[in-house]
Every structure is written in structure tokens, then in C-alpha cells.
Amino acid sequence: MKLSDYLKPIFLMVICTIFIAAGQFIWKFSVMFYSNQKLLSYAFLFLGFVFYILGGILMIFALKKGQLSVIQPMISLGYVWVCLLSPIMFVSEVMTANKWIAIMLLFLGIFLIAYGGRK
């Protein structure tokens, strides 16, 4: 298997997790606007579903081309994006030392699984 054929589904999964994390952020905005601007809240809710659906479609393409044992664990990248971006987007969110350690461990685990899955 060529390296590019191996990396393509991994790249699709990375993009998938970005779309899914974006959908979660948009849903958070939906909840924030619900009490006083219901129409805007519903628009964000719908947009969040659109991002989730796009992420799901990318995941299907990644699973079609890649190994399940390599591709599926990469979904945990969504946790990484949310942890890294939450303090930027929401003032009440804080990055702690435990979160940084968890992010590093997740990256290490994903790398080991992806590297170990290559034939």
C-alpha cells in the first residue's frame, strides 16, 4: 500500500473530527441564545446538525478506504479540538494541567495506533 493511500483516510478522519467538534461548538452557541433569541438558537441548532452530518459523511469515506482499527480511534481527536478551542471561545472554560496531559496522551495514542497500523 502506498503511503498516500494509507494517509488519505487518516486525513479524512482528522477533517471529520474538526467538523464534529465545530458542530458541538455551534450547539453550545444554540443553547446560549435559546432564552432570548429562539430563532437564532434554532438556526445554530440546524447548522450544528449540518456540520455533524458532513463529519459523518467524511467518516464513511474514511472507513471505506482505511482500516477500522486505525480510523475509529481517531474520533478521539474531537476531544482534543474541543479542549483546545473551548478556552478561546468561552471565557468560563479553562485549560488545566490535567487537560494538557490528556491531550498529549491522546495524540501519543493516536500516533501509535496510526503508525502501528501501517503495513
# chains A, B, ... in the order shown; residues from 1 in each chain; ligands from 1
>>> residues_around(residues="Tyr42 of chain A", least_positions_apart="3", cutoff="12 Å", atoms="only C-alpha atoms", output="list in words")
Ile26, Trp27, Lys28, Phe29, Ser30, Val31, Met32, Phe33, Tyr34, Ser35, Asn36, Gln37, Lys38, Leu39, Leu45, Phe46, Leu47, Gly48 and Phe49 of chain A
>>> residues_around(residues="segment 103-116 of chain A", least_positions_apart="6", cutoff="10 Å", atoms="only C-alpha atoms", output="PDB file with N, CA and C atoms, in the first residue's frame")
ATOM      1  N   TYR A   6      -2.556   5.214   2.387  1.00  0.00           N
ATOM      2  CA  TYR A   6      -2.705   4.971   3.821  1.00  0.00           C
ATOM      3  C   TYR A   6      -3.088   6.257   4.557  1.00  0.00           C
ATOM      4  N   LEU A   7      -2.524   7.389   4.139  1.00  0.00           N
ATOM      5  CA  LEU A   7      -2.747   8.654   4.836  1.00  0.00           C
ATOM      6  C   LEU A   7      -4.072   9.320   4.481  1.00  0.00           C
ATOM      7  N   ILE A  10      -6.817   8.729   6.986  1.00  0.00           N
ATOM      8  CA  ILE A  10      -6.452   9.387   8.243  1.00  0.00           C
ATOM      9  C   ILE A  10      -6.727  10.883   8.137  1.00  0.00           C
ATOM     10  N   GLN A  67      -8.390   1.225   7.505  1.00  0.00           N
ATOM     11  CA  GLN A  67      -8.589   0.135   8.448  1.00  0.00           C
ATOM     12  C   GLN A  67      -9.399   0.639   9.638  1.00  0.00           C
ATOM     13  N   SER A  69      -9.500  -0.420  12.652  1.00  0.00           N
ATOM     14  CA  SER A  69      -8.710  -0.368  13.884  1.00  0.00           C
ATOM     15  C   SER A  69      -7.800   0.859  13.938  1.00  0.00           C
ATOM     16  N   VAL A  70      -7.557   1.494  12.821  1.00  0.00           N
ATOM     17  CA  VAL A  70      -6.758   2.716  12.779  1.00  0.00           C
ATOM     18  C   VAL A  70      -7.667   3.940  12.754  1.00  0.00           C
ATOM     19  N   ILE A  71      -8.723   3.876  11.970  1.00  0.00           N
ATOM     20  CA  ILE A  71      -9.593   5.035  11.746  1.00  0.00           C
ATOM     21  C   ILE A  71     -10.474   5.354  12.956  1.00  0.00           C
ATOM     22  N   GLN A  72     -11.116   4.366  13.521  1.00  0.00           N
ATOM     23  CA  GLN A  72     -12.074   4.613  14.600  1.00  0.00           C
ATOM     24  C   GLN A  72     -11.452   5.289  15.823  1.00  0.00           C
ATOM     25  N   PRO A  73     -10.275   4.874  16.306  1.00  0.00           N
ATOM     26  CA  PRO A  73      -9.704   5.576  17.472  1.00  0.00           C
ATOM     27  C   PRO A  73      -9.417   7.054  17.220  1.00  0.00           C
ATOM     28  N   MET A  74      -9.306   7.434  15.970  1.00  0.00           N
ATOM     29  CA  MET A  74      -9.018   8.835  15.658  1.00  0.00           C
ATOM     30  C   MET A  74     -10.189   9.760  15.980  1.00  0.00           C
ATOM     31  N   ILE A  75     -11.363   9.197  16.221  1.00  0.00           N
ATOM     32  CA  ILE A  75     -12.513  10.025  16.572  1.00  0.00           C
ATOM     33  C   ILE A  75     -12.239  10.777  17.876  1.00  0.00           C
ATOM     34  N   SER A  76     -11.300  10.269  18.677  1.00  0.00           N
ATOM     35  CA  SER A  76     -10.969  10.948  19.930  1.00  0.00           C
ATOM     36  C   SER A  76     -10.284  12.294  19.702  1.00  0.00           C
ATOM     37  N   LEU A  77      -9.875  12.580  18.474  1.00  0.00           N
ATOM     38  CA  LEU A  77      -9.329  13.906  18.173  1.00  0.00           C
ATOM     39  C   LEU A  77     -10.363  15.003  18.425  1.00  0.00           C
ATOM     40  N   TYR A  79     -12.164  15.341  21.010  1.00  0.00           N
ATOM     41  CA  TYR A  79     -11.935  15.813  22.375  1.00  0.00           C
ATOM     42  C   TYR A  79     -10.801  16.827  22.415  1.00  0.00           C
ATOM     43  N   VAL A  80      -9.777  16.575  21.618  1.00  0.00           N
ATOM     44  CA  VAL A  80      -8.621  17.473  21.584  1.00  0.00           C
ATOM     45  C   VAL A  80      -9.042  18.848  21.074  1.00  0.00           C
ATOM     46  N   TRP A  81      -9.766  18.883  19.949  1.00  0.00           N
ATOM     47  CA  TRP A  81     -10.177  20.174  19.379  1.00  0.00           C
ATOM     48  C   TRP A  81     -11.048  20.952  20.368  1.00  0.00           C
ATOM     49  N   CYS A  83     -11.163  20.666  23.693  1.00  0.00           N
ATOM     50  CA  CYS A  83     -10.351  21.139  24.830  1.00  0.00           C
ATOM     51  C   CYS A  83      -9.487  22.334  24.457  1.00  0.00           C
ATOM     52  N   LEU A  84      -8.909  22.306  23.271  1.00  0.00           N
ATOM     53  CA  LEU A  84      -8.033  23.399  22.866  1.00  0.00           C
ATOM     54  C   LEU A  84      -8.787  24.680  22.537  1.00  0.00           C
ATOM     55  N   ALA A  97      -3.697  21.690  33.793  1.00  0.00           N
ATOM     56  CA  ALA A  97      -2.566  20.788  33.529  1.00  0.00           C
ATOM     57  C   ALA A  97      -3.068  19.394  33.164  1.00  0.00           C
TER      58      ALA A  97
END
>>> select_by_dssp(residues="chain A", states="helix (DSSP H, G or I)", output="PyMOL selection string")
chain A and resi 3-33+38-65+68-89+97-116
>>> atom_distance(atom1="atom CA of Leu40 of chain A", atom2="atom CA of Val91 of chain A")
21.0 Å
>>> residues_around(residues="Gly78 of chain A", least_positions_apart="5", cutoff="8 Å", atoms="only C-alpha atoms", output="ChimeraX atom specification")
/A:17-18,20-21
>>> write_last_selection(atoms="N, CA and C atoms", output="compact mmCIF listing (two decimals), in the first residue's frame")
# COMPACT_ATOMS: atom_id res chain seq x y z
N THR A 17 -13.30 14.96 12.41
CA THR A 17 -13.35 15.35 13.82
C THR A 17 -13.45 16.87 13.98
N ILE A 18 -12.87 17.59 13.05
CA ILE A 18 -12.99 19.06 13.09
C ILE A 18 -14.44 19.47 12.84
N ILE A 20 -17.13 17.63 13.39
CA ILE A 20 -17.95 17.21 14.53
C ILE A 20 -17.74 18.15 15.71
N ALA A 21 -16.49 18.54 15.98
CA ALA A 21 -16.23 19.48 17.07
C ALA A 21 -16.88 20.84 16.78
>>> residues_around(residues="segment 52-63 of chain A", least_positions_apart="5", cutoff="6 Å", atoms="only C-alpha atoms", output="VMD selection string")
chain A and resid 9 12 to 13 16 19 to 20 23
>>> atom_distance(atom1="atom CA of Ser4 of chain A", atom2="atom CA of Ala22 of chain A")
26.6 Å
>>> atom_distance(atom1="atom CA of Val94 of chain A", atom2="atom CA of Ser41 of chain A")
24.7 Å
